[in-house]
>>> print(open('query23.pdb').read())   # PDB, C-alpha atoms, pLDDT in the B column
ATOM      1  CA  MET A   1       5.167  -6.077  40.527  1.00 57.00           C
ATOM      2  CA  ASP A   2       2.724  -3.203  40.362  1.00 66.00           C
ATOM      3  CA  ARG A   3       0.691  -2.354  37.353  1.00 64.00           C
ATOM      4  CA  ARG A   4       2.634   0.716  36.269  1.00 63.00           C
ATOM      5  CA  LYS A   5       5.902  -1.176  36.185  1.00 64.00           C
ATOM      6  CA  PHE A   6       4.313  -4.072  34.433  1.00 61.00           C
ATOM      7  CA  LEU A   7       3.010  -1.787  31.699  1.00 59.00           C
ATOM      8  CA  GLY A   8       6.422  -0.193  31.340  1.00 62.00           C
ATOM      9  CA  VAL A   9       8.077  -3.566  30.904  1.00 60.00           C
ATOM     10  CA  GLY A  10       5.468  -4.499  28.356  1.00 61.00           C
ATOM     11  CA  ILE A  11       6.060  -1.345  26.327  1.00 58.00           C
ATOM     12  CA  ALA A  12       9.833  -1.802  26.485  1.00 58.00           C
ATOM     13  CA  ALA A  13       9.540  -5.382  25.287  1.00 58.00           C
ATOM     14  CA  PHE A  14       7.211  -4.278  22.507  1.00 56.00           C
ATOM     15  CA  ALA A  15       9.652  -1.558  21.467  1.00 55.00           C
ATOM     16  CA  ALA A  16      12.484  -4.081  21.423  1.00 51.00           C
ATOM     17  CA  ILE A  17      10.509  -6.271  19.054  1.00 51.00           C
ATOM     18  CA  ILE A  18       9.568  -3.356  16.807  1.00 49.00           C
ATOM     19  CA  ALA A  19      12.957  -1.605  16.803  1.00 47.00           C
ATOM     20  CA  PRO A  20      14.860  -3.791  14.334  1.00 43.00           C
ATOM     21  CA  THR A  21      12.246  -3.458  11.614  1.00 40.00           C
ATOM     22  CA  THR A  22      12.827  -6.706   9.844  1.00 40.00           C
ATOM     23  CA  SER A  23      10.974  -7.191   6.624  1.00 40.00           C
ATOM     24  CA  LEU A  24       9.476 -10.409   7.946  1.00 47.00           C
ATOM     25  CA  LYS A  25       7.056  -8.699  10.231  1.00 55.00           C
ATOM     26  CA  ALA A  26       4.265  -6.408   9.171  1.00 59.00           C
ATOM     27  CA  MET A  27       4.609  -2.663   9.616  1.00 66.00           C
ATOM     28  CA  ASP A  28       1.620  -0.393   9.907  1.00 69.00           C
ATOM     29  CA  PHE A  29       2.601   2.874   8.284  1.00 76.00           C
ATOM     30  CA  ARG A  30      -0.555   4.482   9.558  1.00 74.00           C
ATOM     31  CA  ALA A  31       0.485   3.897  13.155  1.00 72.00           C
ATOM     32  CA  GLU A  32       4.171   4.601  12.595  1.00 75.00           C
ATOM     33  CA  LYS A  33       3.872   7.755  10.507  1.00 77.00           C
ATOM     34  CA  PRO A  34       0.452   9.250  11.182  1.00 76.00           C
ATOM     35  CA  LYS A  35       1.502  12.703   9.952  1.00 79.00           C
ATOM     36  CA  ALA A  36       2.295  11.439   6.473  1.00 79.00           C
ATOM     37  CA  TRP A  37      -1.356  10.568   5.972  1.00 79.00           C
ATOM     38  CA  ASP A  38      -2.519  14.103   6.807  1.00 81.00           C
ATOM     39  CA  ALA A  39      -0.065  15.921   4.562  1.00 80.00           C
ATOM     40  CA  VAL A  40      -1.750  18.065   1.918  1.00 83.00           C
ATOM     41  CA  ASP A  41       0.988  18.101  -0.714  1.00 84.00           C
ATOM     42  CA  SER A  42       3.316  15.356  -1.804  1.00 83.00           C
ATOM     43  CA  ALA A  43       6.491  17.191  -0.758  1.00 84.00           C
ATOM     44  CA  THR A  44       5.349  17.313   2.864  1.00 86.00           C
ATOM     45  CA  ALA A  45       4.072  13.757   2.760  1.00 84.00           C
ATOM     46  CA  ILE A  46       7.392  12.457   1.451  1.00 87.00           C
ATOM     47  CA  LYS A  47       9.228  14.369   4.151  1.00 85.00           C
ATOM     48  CA  GLU A  48       7.016  12.932   6.860  1.00 84.00           C
ATOM     49  CA  LEU A  49       7.291   9.416   5.564  1.00 85.00           C
ATOM     50  CA  TYR A  50      10.927   9.126   4.550  1.00 85.00           C
ATOM     51  CA  GLY A  51      12.675  12.140   6.038  1.00 84.00           C
ATOM     52  CA  SER A  52      14.279  14.978   4.155  1.00 83.00           C
ATOM     53  CA  ALA A  53      16.891  12.978   2.242  1.00 83.00           C
ATOM     54  CA  ALA A  54      17.430  13.935  -1.387  1.00 86.00           C
ATOM     55  CA  LEU A  55      15.349  12.150  -4.016  1.00 86.00           C
ATOM     56  CA  THR A  56      17.129  10.414  -6.863  1.00 87.00           C
ATOM     57  CA  GLU A  57      15.324  10.152 -10.169  1.00 87.00           C
ATOM     58  CA  THR A  58      15.627   6.663 -11.550  1.00 88.00           C
ATOM     59  CA  ALA A  59      14.682   4.761 -14.675  1.00 86.00           C
ATOM     60  CA  ASP A  60      14.831   1.418 -12.912  1.00 88.00           C
ATOM     61  CA  ILE A  61      11.413   1.806 -11.389  1.00 88.00           C
ATOM     62  CA  LYS A  62       8.741   1.588 -14.042  1.00 89.00           C
ATOM     63  CA  LEU A  63       5.565   3.479 -13.351  1.00 89.00           C
ATOM     64  CA  LYS A  64       2.738   2.712 -15.708  1.00 90.00           C
ATOM     65  CA  ALA A  65      -0.205   5.071 -15.566  1.00 88.00           C
ATOM     66  CA  PRO A  66      -2.559   6.382 -18.220  1.00 88.00           C
ATOM     67  CA  LYS A  67      -1.655   9.784 -19.696  1.00 87.00           C
ATOM     68  CA  LEU A  68      -5.310  10.607 -19.898  1.00 86.00           C
ATOM     69  CA  ALA A  69      -7.742   9.064 -17.461  1.00 84.00           C
ATOM     70  CA  GLU A  70     -11.386   9.312 -18.338  1.00 80.00           C
ATOM     71  CA  ASN A  71     -12.596   8.177 -14.983  1.00 81.00           C
ATOM     72  CA  GLY A  72     -10.814   9.751 -12.058  1.00 80.00           C
ATOM     73  CA  GLY A  73     -12.475   7.310  -9.728  1.00 82.00           C
ATOM     74  CA  SER A  74     -10.439   4.391 -10.899  1.00 86.00           C
ATOM     75  CA  ILE A  75      -7.023   5.027 -12.372  1.00 88.00           C
ATOM     76  CA  PRO A  76      -4.945   1.909 -12.933  1.00 89.00           C
ATOM     77  CA  ILE A  77      -1.366   2.219 -11.760  1.00 90.00           C
ATOM     78  CA  ASN A  78       1.361  -0.344 -12.197  1.00 92.00           C
ATOM     79  CA  ILE A  79       4.722  -0.255 -10.461  1.00 91.00           C
ATOM     80  CA  LYS A  80       7.483  -2.563 -11.579  1.00 91.00           C
ATOM     81  CA  SER A  81      11.083  -2.770 -10.523  1.00 89.00           C
ATOM     82  CA  LYS A  82      13.941  -5.180 -10.238  1.00 89.00           C
ATOM     83  CA  MET A  83      15.728  -3.090  -7.604  1.00 87.00           C
ATOM     84  CA  ASP A  84      16.164  -4.186  -4.019  1.00 88.00           C
ATOM     85  CA  LEU A  85      13.663  -1.887  -2.370  1.00 88.00           C
ATOM     86  CA  GLU A  86      12.367  -1.688   1.146  1.00 88.00           C
ATOM     87  CA  SER A  87       9.168   0.246   0.652  1.00 88.00           C
ATOM     88  CA  ILE A  88       7.287   2.057  -2.082  1.00 90.00           C
ATOM     89  CA  ALA A  89       4.850   4.908  -1.611  1.00 90.00           C
ATOM     90  CA  VAL A  90       2.427   6.505  -4.046  1.00 91.00           C
ATOM     91  CA  PHE A  91       1.602  10.221  -3.835  1.00 89.00           C
ATOM     92  CA  GLN A  92      -0.481  12.681  -5.822  1.00 89.00           C
ATOM     93  CA  ASP A  93      -1.481  16.327  -5.468  1.00 87.00           C
ATOM     94  CA  ALA A  94      -5.057  16.130  -6.735  1.00 85.00           C
ATOM     95  CA  ASN A  95      -6.822  14.986  -3.587  1.00 84.00           C
ATOM     96  CA  PRO A  96      -7.288  16.673  -0.200  1.00 84.00           C
ATOM     97  CA  ARG A  97      -4.451  14.603   1.178  1.00 86.00           C
ATOM     98  CA  SER A  98      -1.458  13.355  -0.693  1.00 85.00           C
ATOM     99  CA  THR A  99      -0.550   9.838   0.373  1.00 87.00           C
ATOM    100  CA  VAL A 100      -2.371   7.106  -1.524  1.00 89.00           C
ATOM    101  CA  CYS A 101      -0.719   3.947  -0.278  1.00 89.00           C
ATOM    102  CA  VAL A 102       2.558   2.555   0.978  1.00 90.00           C
ATOM    103  CA  PHE A 103       3.832  -0.885   0.035  1.00 89.00           C
ATOM    104  CA  THR A 104       6.256  -2.770   2.195  1.00 89.00           C
ATOM    105  CA  VAL A 105       8.396  -4.970   0.015  1.00 89.00           C
ATOM    106  CA  PRO A 106       9.326  -8.280   1.602  1.00 87.00           C
ATOM    107  CA  LYS A 107      12.897  -9.488   1.162  1.00 85.00           C
ATOM    108  CA  ASN A 108      13.368 -11.261  -2.130  1.00 83.00           C
ATOM    109  CA  GLY A 109       9.901 -10.131  -3.193  1.00 85.00           C
ATOM    110  CA  ILE A 110       8.765  -9.445  -6.713  1.00 89.00           C
ATOM    111  CA  ILE A 111       7.928  -5.814  -7.333  1.00 91.00           C
ATOM    112  CA  ASN A 112       5.027  -5.844  -9.731  1.00 92.00           C
ATOM    113  CA  TYR A 113       2.159  -4.085  -8.070  1.00 92.00           C
ATOM    114  CA  ASP A 114      -1.136  -3.083  -9.594  1.00 91.00           C
ATOM    115  CA  LEU A 115      -3.620  -0.842  -7.902  1.00 90.00           C
ATOM    116  CA  ARG A 116      -6.403   1.588  -8.736  1.00 90.00           C
ATOM    117  CA  MET A 117      -6.551   5.037  -7.292  1.00 88.00           C
ATOM    118  CA  LYS A 118      -8.802   8.083  -7.239  1.00 87.00           C
ATOM    119  CA  MET A 119      -7.891  11.536  -8.423  1.00 86.00           C
ATOM    120  CA  ARG A 120     -10.002  14.665  -8.353  1.00 85.00           C
ATOM    121  CA  LYS A 121      -8.121  16.532 -11.018  1.00 85.00           C
ATOM    122  CA  THR A 122      -5.072  16.451 -13.240  1.00 87.00           C
ATOM    123  CA  SER A 123      -1.900  16.004 -11.288  1.00 87.00           C
ATOM    124  CA  LYS A 124       1.450  14.314 -11.099  1.00 88.00           C
ATOM    125  CA  VAL A 125       1.533  10.824  -9.698  1.00 90.00           C
ATOM    126  CA  ARG A 126       4.767  10.416  -7.814  1.00 90.00           C
ATOM    127  CA  VAL A 127       6.235   7.148  -6.645  1.00 91.00           C
ATOM    128  CA  VAL A 128       8.947   7.284  -4.016  1.00 91.00           C
ATOM    129  CA  ALA A 129      10.802   4.146  -3.064  1.00 90.00           C
ATOM    130  CA  LYS A 130      13.324   3.531  -0.353  1.00 89.00           C
ATOM    131  CA  GLY A 131      16.031   1.061  -1.267  1.00 88.00           C
ATOM    132  CA  ARG A 132      17.617  -1.248   1.237  1.00 88.00           C
ATOM    133  CA  ASP A 133      20.733   0.889   0.795  1.00 86.00           C
ATOM    134  CA  GLY A 134      18.787   3.820   2.256  1.00 85.00           C
ATOM    135  CA  VAL A 135      18.641   5.881  -0.927  1.00 89.00           C
ATOM    136  CA  LEU A 136      15.303   7.402  -1.913  1.00 90.00           C
ATOM    137  CA  TYR A 137      14.381   6.820  -5.525  1.00 91.00           C
ATOM    138  CA  THR A 138      11.599   8.587  -7.317  1.00 91.00           C
ATOM    139  CA  VAL A 139       9.706   8.453 -10.562  1.00 91.00           C
ATOM    140  CA  ASN A 140       6.677  10.468 -11.621  1.00 88.00           C
ATOM    141  CA  GLN A 141       4.141  10.816 -14.367  1.00 90.00           C
ATOM    142  CA  ASN A 142       1.486  13.339 -15.163  1.00 90.00           C
ATOM    143  CA  VAL A 143      -2.042  11.980 -15.305  1.00 89.00           C
ATOM    144  CA  GLU A 144      -4.751  14.072 -16.908  1.00 88.00           C
ATOM    145  CA  VAL A 145      -8.172  13.539 -15.442  1.00 85.00           C
ATOM    146  CA  SER A 146     -11.245  14.548 -17.409  1.00 80.00           C
ATOM    147  CA  ILE A 147     -13.902  13.556 -14.878  1.00 70.00           C
ATOM    148  CA  GLY A 148     -12.752  13.764 -11.288  1.00 60.00           C
ATOM    149  CA  GLY A 149     -13.247  10.864  -8.974  1.00 57.00           C
ATOM    150  CA  CYS A 150     -13.129  10.860  -5.225  1.00 53.00           C
ATOM    151  CA  GLY A 151     -16.799  11.665  -4.803  1.00 50.00           C
ATOM    152  CA  GLY A 152     -16.363  14.892  -6.762  1.00 45.00           C
TER     153      GLY A 152
ATOM    154  CA  MET B   1     -13.253 -10.110  -0.913  1.00 83.00           C
ATOM    155  CA  ARG B   2     -12.608 -12.154  -4.002  1.00 88.00           C
ATOM    156  CA  ALA B   3      -9.186 -13.425  -4.879  1.00 89.00           C
ATOM    157  CA  LYS B   4      -7.578 -15.568  -7.530  1.00 90.00           C
ATOM    158  CA  ALA B   5      -4.100 -17.004  -7.300  1.00 91.00           C
ATOM    159  CA  LYS B   6      -2.229 -18.802 -10.044  1.00 91.00           C
ATOM    160  CA  LEU B   7       1.021 -20.681  -9.751  1.00 91.00           C
ATOM    161  CA  LYS B   8       3.476 -20.612 -12.627  1.00 89.00           C
ATOM    162  CA  LYS B   9       7.143 -21.546 -12.456  1.00 88.00           C
ATOM    163  CA  GLY B  10       7.414 -20.987  -8.733  1.00 87.00           C
ATOM    164  CA  VAL B  11       5.739 -17.584  -8.854  1.00 90.00           C
ATOM    165  CA  VAL B  12       2.231 -17.037  -7.577  1.00 91.00           C
ATOM    166  CA  SER B  13       0.263 -14.252  -9.278  1.00 92.00           C
ATOM    167  CA  VAL B  14      -2.601 -12.916  -7.242  1.00 92.00           C
ATOM    168  CA  LYS B  15      -5.562 -10.777  -8.215  1.00 93.00           C
ATOM    169  CA  ALA B  16      -7.625  -9.634  -5.277  1.00 92.00           C
ATOM    170  CA  MET B  17     -10.716  -7.485  -5.251  1.00 91.00           C
ATOM    171  CA  PHE B  18     -11.994  -6.007  -2.036  1.00 91.00           C
ATOM    172  CA  LYS B  19     -15.486  -4.798  -1.441  1.00 89.00           C
ATOM    173  CA  ASN B  20     -15.269  -1.467   0.313  1.00 87.00           C
ATOM    174  CA  PRO B  21     -16.473   2.060  -0.480  1.00 86.00           C
ATOM    175  CA  MET B  22     -12.979   3.421   0.356  1.00 85.00           C
ATOM    176  CA  ALA B  23     -14.493   6.703   1.484  1.00 86.00           C
ATOM    177  CA  GLY B  24     -12.050   9.033   3.191  1.00 83.00           C
ATOM    178  CA  GLN B  25     -13.052  11.955   5.351  1.00 81.00           C
ATOM    179  CA  GLU B  26     -14.095  14.394   2.623  1.00 80.00           C
ATOM    180  CA  GLU B  27     -15.829  11.863   0.466  1.00 82.00           C
ATOM    181  CA  ALA B  28     -17.775  10.485   3.395  1.00 83.00           C
ATOM    182  CA  GLU B  29     -19.023  13.977   4.234  1.00 84.00           C
ATOM    183  CA  LYS B  30     -20.226  14.483   0.709  1.00 83.00           C
ATOM    184  CA  LYS B  31     -22.009  11.177   0.570  1.00 83.00           C
ATOM    185  CA  LYS B  32     -23.217  11.540   4.155  1.00 86.00           C
ATOM    186  CA  ILE B  33     -21.829   8.223   5.244  1.00 86.00           C
ATOM    187  CA  LYS B  34     -19.226   7.297   7.801  1.00 85.00           C
ATOM    188  CA  PRO B  35     -15.595   7.289   6.672  1.00 85.00           C
ATOM    189  CA  GLN B  36     -14.921   3.732   5.735  1.00 88.00           C
ATOM    190  CA  PHE B  37     -11.784   2.429   4.098  1.00 87.00           C
ATOM    191  CA  ILE B  38      -9.270  -0.379   4.207  1.00 90.00           C
ATOM    192  CA  THR B  39      -6.110   0.618   6.031  1.00 88.00           C
ATOM    193  CA  GLN B  40      -3.955  -2.410   5.515  1.00 88.00           C
ATOM    194  CA  ILE B  41      -3.768  -5.515   3.384  1.00 90.00           C
ATOM    195  CA  ILE B  42      -1.322  -8.255   4.268  1.00 90.00           C
ATOM    196  CA  ALA B  43      -0.773 -11.535   2.482  1.00 91.00           C
ATOM    197  CA  GLU B  44       1.016 -14.322   4.262  1.00 89.00           C
ATOM    198  CA  SER B  45       2.293 -17.524   2.762  1.00 87.00           C
ATOM    199  CA  ALA B  46       4.183 -20.244   4.634  1.00 84.00           C
ATOM    200  CA  GLY B  47       4.535 -18.041   7.700  1.00 83.00           C
ATOM    201  CA  ALA B  48       6.175 -15.110   5.916  1.00 85.00           C
ATOM    202  CA  VAL B  49       4.654 -11.838   4.789  1.00 88.00           C
ATOM    203  CA  VAL B  50       4.721 -11.800   1.008  1.00 90.00           C
ATOM    204  CA  TYR B  51       2.729  -8.649   0.316  1.00 90.00           C
ATOM    205  CA  GLU B  52       1.863  -5.706   2.407  1.00 89.00           C
ATOM    206  CA  VAL B  53       0.259  -2.393   1.653  1.00 90.00           C
ATOM    207  CA  THR B  54      -1.011   0.411   3.835  1.00 89.00           C
ATOM    208  CA  THR B  55      -3.860   2.151   2.050  1.00 88.00           C
ATOM    209  CA  GLY B  56      -6.170   5.109   2.530  1.00 84.00           C
ATOM    210  CA  GLY B  57      -9.282   6.739   1.174  1.00 84.00           C
ATOM    211  CA  PHE B  58      -7.711   7.635  -2.160  1.00 87.00           C
ATOM    212  CA  VAL B  59      -7.535   4.136  -3.439  1.00 89.00           C
ATOM    213  CA  SER B  60     -10.475   3.511  -5.742  1.00 88.00           C
ATOM    214  CA  LYS B  61     -13.770   2.094  -4.597  1.00 88.00           C
ATOM    215  CA  ASN B  62     -13.883  -1.717  -4.475  1.00 90.00           C
ATOM    216  CA  PRO B  63     -10.158  -1.734  -5.174  1.00 89.00           C
ATOM    217  CA  LEU B  64      -8.416  -4.307  -7.289  1.00 91.00           C
ATOM    218  CA  PHE B  65      -4.873  -5.212  -6.327  1.00 92.00           C
ATOM    219  CA  LYS B  66      -2.525  -7.428  -8.283  1.00 92.00           C
ATOM    220  CA  PHE B  67       0.755  -8.758  -7.024  1.00 91.00           C
ATOM    221  CA  GLN B  68       3.159 -11.652  -7.344  1.00 92.00           C
ATOM    222  CA  PHE B  69       5.309 -13.553  -4.917  1.00 90.00           C
ATOM    223  CA  LYS B  70       7.901 -16.302  -5.124  1.00 88.00           C
ATOM    224  CA  ALA B  71       6.873 -19.626  -3.667  1.00 84.00           C
ATOM    225  CA  ALA B  72       9.403 -22.212  -4.743  1.00 80.00           C
ATOM    226  CA  ASP B  73       7.908 -25.100  -2.812  1.00 81.00           C
ATOM    227  CA  ALA B  74       4.244 -24.236  -3.268  1.00 81.00           C
ATOM    228  CA  LYS B  75       1.949 -26.705  -4.971  1.00 84.00           C
ATOM    229  CA  LYS B  76      -1.382 -26.261  -6.648  1.00 86.00           C
ATOM    230  CA  GLY B  77      -4.096 -26.506  -4.036  1.00 87.00           C
ATOM    231  CA  ASP B  78      -1.969 -24.896  -1.334  1.00 89.00           C
ATOM    232  CA  LYS B  79      -3.502 -22.077   0.595  1.00 89.00           C
ATOM    233  CA  PHE B  80      -2.291 -18.692   1.724  1.00 90.00           C
ATOM    234  CA  GLU B  81      -3.914 -15.947   3.722  1.00 91.00           C
ATOM    235  CA  ILE B  82      -4.966 -12.416   2.913  1.00 92.00           C
ATOM    236  CA  ALA B  83      -5.861 -10.215   5.863  1.00 91.00           C
ATOM    237  CA  THR B  84      -7.502  -6.817   5.534  1.00 91.00           C
ATOM    238  CA  THR B  85      -7.846  -4.261   8.285  1.00 89.00           C
ATOM    239  CA  THR B  86     -10.437  -1.494   7.990  1.00 88.00           C
ATOM    240  CA  ASN B  87     -10.361   1.921   9.639  1.00 86.00           C
ATOM    241  CA  ASP B  88     -12.618   0.774  12.460  1.00 86.00           C
ATOM    242  CA  GLY B  89      -9.966  -1.734  13.455  1.00 83.00           C
ATOM    243  CA  LYS B  90     -11.671  -4.848  12.209  1.00 86.00           C
ATOM    244  CA  THR B  91      -9.518  -7.507  10.620  1.00 88.00           C
ATOM    245  CA  VAL B  92     -10.861 -10.049   8.182  1.00 89.00           C
ATOM    246  CA  THR B  93      -8.730 -12.982   7.115  1.00 91.00           C
ATOM    247  CA  LYS B  94      -9.436 -15.113   4.108  1.00 90.00           C
ATOM    248  CA  LYS B  95      -7.723 -18.243   2.885  1.00 91.00           C
ATOM    249  CA  VAL B  96      -7.034 -18.343  -0.832  1.00 90.00           C
ATOM    250  CA  LYS B  97      -6.361 -21.498  -2.775  1.00 90.00           C
ATOM    251  CA  ILE B  98      -3.502 -21.460  -5.261  1.00 90.00           C
ATOM    252  CA  LYS B  99      -4.541 -22.776  -8.644  1.00 87.00           C
TER     253      LYS B  99
END
>>> encode(input="query23.pdb", output="structure tokens")
Amino acid sequence: MDRRKFLGVGIAAFAAIIAPTTSLKAMDFRAEKPKAWDAVDSATAIKELYGSAALTETADIKLKAPKLAENGGSIPINIKSKMDLESIAVFQDANPRSTVCVFTVPKNGIINYDLRMKMRKTSKVRVVAKGRDGVLYTVNQNVEVSIGGCGG
Amino acid sequence: MRAKAKLKKGVVSVKAMFKNPMAGQEEAEKKKIKPQFITQIIAESAGAVVYEVTTGGFVSKNPLFKFQFKAADAKKGDKFEIATTTNDGKTVTKKVKIK
């Protein structure tokens, strides 16, 4: 078997493993959706990450963020939900690029995530989650920043 | 990386703090350092991924992450793994004891 063929077989086998994206195995969103990480505004980032499906506002995902953040360098965010979700992404429009982070929710996992993020200025923090039923859910909150973080 | 894990009623609550400047492209230019940030954090317990997040330069410096996972048959003293990958492709794995 020559090298070219061997490589091809390897890639095909790799693709076969990756294709049925089971929640058991890790997924690198940076490798899978590189464009989403370069998007400047949240609308584009959401489109790149999840496609152009309609967003459904929901009250079942609880986003806890301060209304007024004194330090934009470290804004505590809490996401809680009892829904059966596949992945959750956090976006904002204050920084040069929009995507902050993407969580992959394991099956039967508990959704209670805390993180700290940076924001340069006042903006909406938008959480978009994809349910296992394929529907995109969203929730957002405005966060006022008095001193910008992110090196600014 | 420093991490604490507590077991209560079959649920493990984890607090993990990572030491990293989390400087994206623009911030690195301003500070005149190389872009340096964590790209992925994965926690694995009993062979299954229990927590996974892909991050970027807009997560705060030395970020603190909290999460919980179900571990019905876990005991105190058990260990699970947290692996972090940085933007230069390096992966660091640390074992965390459940208290």
>>> resolve_selection(input="query23.pdb", expression="the PyMOL selection byres ((chain A and resi 100) around 8)", output="PyMOL selection string")
(chain A and resi 89-92+98-99+101-102+117) or (chain B and resi 55-59)
>>> resolve_selection(input="query23.pdb", expression="the PyMOL selection byres ((chain B and resi 67) around 12)", output="count of residues only")
36
>>> residues_around(input="query23.pdb", residues="segment 31-37 of chain B", least_positions_apart="6", cutoff="7 Å", atoms="only C-alpha atoms", output="list of chain:residue names")
B:Asn20, B:Pro21, B:Met22, B:Ala23, B:Gly24, B:Gln25, B:Gly56, B:Gly57, B:Thr86, B:Asn87
>>> closest_residue(input="query23.pdb", among="A:Asn95, A:Thr58, A:Ser81, A:Thr122", to="chain B", atoms="only C-alpha atoms")
A:Asn95
>>> residues_around(input="query23.pdb", residues="Lys79 of chain B", least_positions_apart="4", cutoff="10 Å", atoms="only C-alpha atoms", output="ChimeraX atom specification")
/B:5,44-46,74-75,94-99
